[in-house]
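Q: Provided below: query-v7.cif, containing mmCIF, C-alpha atoms.
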data_final
loop_
_atom_site.group_PDB
_atom_site.id
_atom_site.type_symbol
_atom_site.label_atom_id
_atom_site.label_comp_id
_atom_site.auth_asym_id
_atom_site.auth_seq_id
_atom_site.Cartn_x
_atom_site.Cartn_y
_atom_site.Cartn_z
ATOM 1 C CA MET A 1 -9.644 3.836 7.117
ATOM 2 C CA ILE A 2 -9.688 1.199 4.376
ATOM 3 C CA VAL A 3 -6.186 2.247 3.315
ATOM 4 C CA TYR A 4 -4.949 1.756 6.872
ATOM 5 C CA VAL A 5 -6.512 -1.714 7.028
ATOM 6 C CA LEU A 6 -4.912 -2.675 3.699
ATOM 7 C CA LYS A 7 -1.485 -1.464 4.828
ATOM 8 C CA PHE A 8 -1.910 -3.241 8.176
ATOM 9 C CA SER A 9 -2.832 -6.466 6.386
ATOM 10 C CA ALA A 10 0.122 -6.179 4.011
ATOM 11 C CA CYS A 11 2.502 -5.731 6.945
ATOM 12 C CA LEU A 12 1.018 -8.740 8.717
ATOM 13 C CA VAL A 13 1.383 -10.849 5.569
ATOM 14 C CA PHE A 14 5.017 -9.814 5.252
ATOM 15 C CA PHE A 15 5.780 -10.652 8.887
ATOM 16 C CA ILE A 16 3.952 -13.993 8.838
ATOM 17 C CA LEU A 17 5.750 -15.024 5.630
ATOM 18 C CA PHE A 18 9.069 -14.107 7.232
ATOM 19 C CA TYR A 19 8.082 -16.186 10.257
ATOM 20 C CA LYS A 20 6.991 -19.177 8.152
ATOM 21 C CA PHE A 21 10.114 -19.217 5.973
ATOM 22 C CA PHE A 22 12.799 -18.396 8.523
ATOM 23 C CA LEU A 23 11.654 -18.856 12.133
ATOM 24 C CA GLU A 24 9.088 -21.649 12.264
ATOM 25 C CA LYS A 25 11.617 -24.496 12.489
ATOM 26 C CA GLU A 26 13.836 -22.797 15.064
ATOM 27 C CA ASN A 27 13.825 -23.782 18.745
ATOM 28 C CA MET A 28 13.912 -20.244 20.178
ATOM 29 C CA HIS A 29 10.347 -20.305 21.506
ATOM 30 C CA GLN A 30 10.603 -17.166 23.617
ATOM 31 C CA PHE A 31 12.086 -15.173 20.715
ATOM 32 C CA LYS A 32 9.371 -16.446 18.386
ATOM 33 C CA ARG A 33 6.676 -15.315 20.825
ATOM 34 C CA PHE A 34 8.170 -11.842 21.057
ATOM 35 C CA PHE A 35 8.536 -11.724 17.266
ATOM 36 C CA LEU A 36 4.866 -12.553 16.732
ATOM 37 C CA ILE A 37 3.685 -10.011 19.323
ATOM 38 C CA GLY A 38 6.107 -7.427 17.953
ATOM 39 C CA SER A 39 4.926 -8.052 14.402
ATOM 40 C CA ILE A 40 1.381 -7.153 15.442
ATOM 41 C CA VAL A 41 2.597 -3.972 17.141
ATOM 42 C CA PHE A 42 4.780 -2.985 14.177
ATOM 43 C CA SER A 43 1.920 -3.727 11.776
ATOM 44 C CA LEU A 44 -0.238 -1.303 13.740
ATOM 45 C CA VAL A 45 2.450 1.418 13.769
ATOM 46 C CA ILE A 46 4.013 1.157 10.294
ATOM 47 C CA PRO A 47 0.895 2.283 8.322
ATOM 48 C CA MET A 48 0.799 5.497 10.390
ATOM 49 C CA ILE A 49 4.250 6.573 9.165
ATOM 50 C CA THR A 50 4.093 9.073 6.318
ATOM 51 C CA PHE A 51 6.863 10.526 4.216
ATOM 52 C CA THR A 52 6.242 14.048 2.971
ATOM 53 C CA THR A 53 8.097 15.479 0.002
ATOM 54 C CA TYR A 54 7.668 18.981 -1.263
ATOM 55 C CA VAL A 55 7.909 19.538 -5.002
ATOM 56 C CA GLU A 56 8.325 23.015 -6.346
ATOM 57 C CA ALA A 57 6.039 23.621 -9.282
ATOM 58 C CA PRO A 58 7.686 25.059 -12.386
ATOM 59 C CA ILE A 59 6.431 28.482 -13.435
ATOM 60 C CA SER A 60 5.037 28.436 -16.940
ATOM 61 C CA THR A 61 4.193 31.392 -19.153
ATOM 62 C CA GLN A 62 1.756 29.200 -21.110
ATOM 63 C CA LEU A 63 -0.566 28.911 -18.129
ATOM 64 C CA ILE A 64 -2.427 32.203 -18.671
ATOM 65 C CA PRO A 65 -3.395 31.641 -22.349
ATOM 66 C CA ASP A 66 -4.558 28.107 -21.529
ATOM 67 C CA LEU A 67 -6.844 29.421 -18.799
ATOM 68 C CA ILE A 68 -8.293 32.041 -21.137
ATOM 69 C CA LEU A 69 -8.987 29.473 -23.859
ATOM 70 C CA GLY A 70 -10.469 27.014 -21.395
ATOM 71 C CA ASP A 71 -7.969 24.243 -22.099
ATOM 72 C CA ASN A 72 -6.593 23.267 -18.735
ATOM 73 C CA GLY A 73 -4.691 20.214 -19.995
ATOM 74 C CA VAL A 74 -6.321 17.784 -17.562
ATOM 75 C CA GLU A 75 -6.784 14.328 -19.003
ATOM 76 C CA ASN A 76 -9.404 11.889 -17.789
ATOM 77 C CA LYS A 77 -7.651 8.952 -16.182
ATOM 78 C CA THR A 78 -9.244 5.548 -15.880
ATOM 79 C CA ASN A 79 -9.171 3.899 -12.476
ATOM 80 C CA TYR A 80 -8.125 0.283 -13.039
ATOM 81 C CA LEU A 81 -7.969 -0.679 -9.343
ATOM 82 C CA PRO A 82 -11.539 -2.101 -9.102
ATOM 83 C CA PHE A 83 -10.989 -4.131 -12.281
ATOM 84 C CA ILE A 84 -7.711 -5.562 -10.954
ATOM 85 C CA LEU A 85 -9.179 -6.398 -7.530
ATOM 86 C CA TRP A 86 -12.264 -8.093 -9.031
ATOM 87 C CA SER A 87 -10.023 -10.027 -11.417
ATOM 88 C CA ILE A 88 -7.907 -11.320 -8.525
ATOM 89 C CA TYR A 89 -11.064 -12.225 -6.611
ATOM 90 C CA GLY A 90 -12.532 -14.032 -9.628
ATOM 91 C CA PHE A 91 -9.290 -15.883 -10.247
ATOM 92 C CA GLY A 92 -9.289 -17.088 -6.624
ATOM 93 C CA VAL A 93 -12.902 -18.245 -6.899
ATOM 94 C CA ILE A 94 -12.106 -20.181 -10.072
ATOM 95 C CA ILE A 95 -9.085 -21.874 -8.498
ATOM 96 C CA PHE A 96 -10.891 -22.881 -5.317
#
Give the structure from this file in structure tokens form.

A:
Amino acid sequence: MIVYVLKFSACLVFFILFYKFFLEKENMHQFKRFFLIGSIVFSLVIPMITFTTYVEAPISTQLIPDLILGDNGVENKTNYLPFILWSIYGFGVIIF
């Protein structure tokens, strides 16, 4: 659910920036109203779209000896997302 909310927010930011930069000074009030309502609808729909790709795994003859020896080749990866998000938050607090 949090991923959906983040994608929804990103879409809304994109649409509002487009509105601010290109449409705010125009005199087409009815078009601007439909654009703003449509941007909310599209922001609700766009995060639900998924693209699925199927990748065929290569067959390796080295797989069986690695399983016997216990070396599965999986590396521990560090998740930097919380660090990046807290850094952005801290930077905003410092600026304001």

Q: Go through A:Lys32, A:Glu26, A:Val45, A:Tyr19 one by one, measure the shortest atom-to-atom distance of each to Val5 of chain A using only C-alpha atoms, and give the residue with the smallest value.

A: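 Closest residue, counting only C-alpha atoms: A:Val45.
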
Q: Counting only C-alpha atoms, which residues sit no farther than 12 Å from the position (5.8, -11.4, 10.6) in the file's frame? I'd like them as a list in words.

A: Phe8, Ser9, Ala10, Cys11, Leu12, Val13, Phe14, Phe15, Ile16, Leu17, Phe18, Tyr19, Lys20, Phe21, Phe22, Leu23, Glu24, Lys32, Arg33, Phe34, Phe35, Leu36, Ile37, Gly38, Ser39, Ile40, Val41, Phe42 and Ser43 of chain A

Q: Could you tell me how far atom CA of Tyr80 of chain A lies from atom CA of Phe96 of chain A, in Å and to one decimal?

A: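 Result for atom CA of Tyr80 of chain A versus atom CA of Phe96 of chain A: 24.6 Å, one decimal.
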
Q: Calculate how many Å separate atom CA of Tyr89 of chain A from atom CA of Lys7 of chain A, rounding to one decimal.

A: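 Separating atom CA of Tyr89 of chain A from atom CA of Lys7 of chain A is a distance of 18.4 Å.
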
Q: Rounded to one decimal place, report the atom CA of Leu6 of chain A-atom CA of Leu81 of chain A distance in Å.

A: 13.5 Å

Q: Padding 5 Å on every side, please: axis-aligned box over the listed atoms of segment 48-62 of chain A, centre and edge lengths to one decimal in Å, as lines of an AutoDock Vina configuration file.

A:
center_x = 4.6
center_y = 18.4
center_z = -5.4
size_x = 17.5
size_y = 35.9
size_z = 41.5

Q: Taking only C-alpha atoms into account, name the residue in A:Lys77, A:Asn27, A:Met48, A:Ser87 that is nearest to Met1 of chain A.

A: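 Smallest distance to Met1 of chain A is found for A:Met48.
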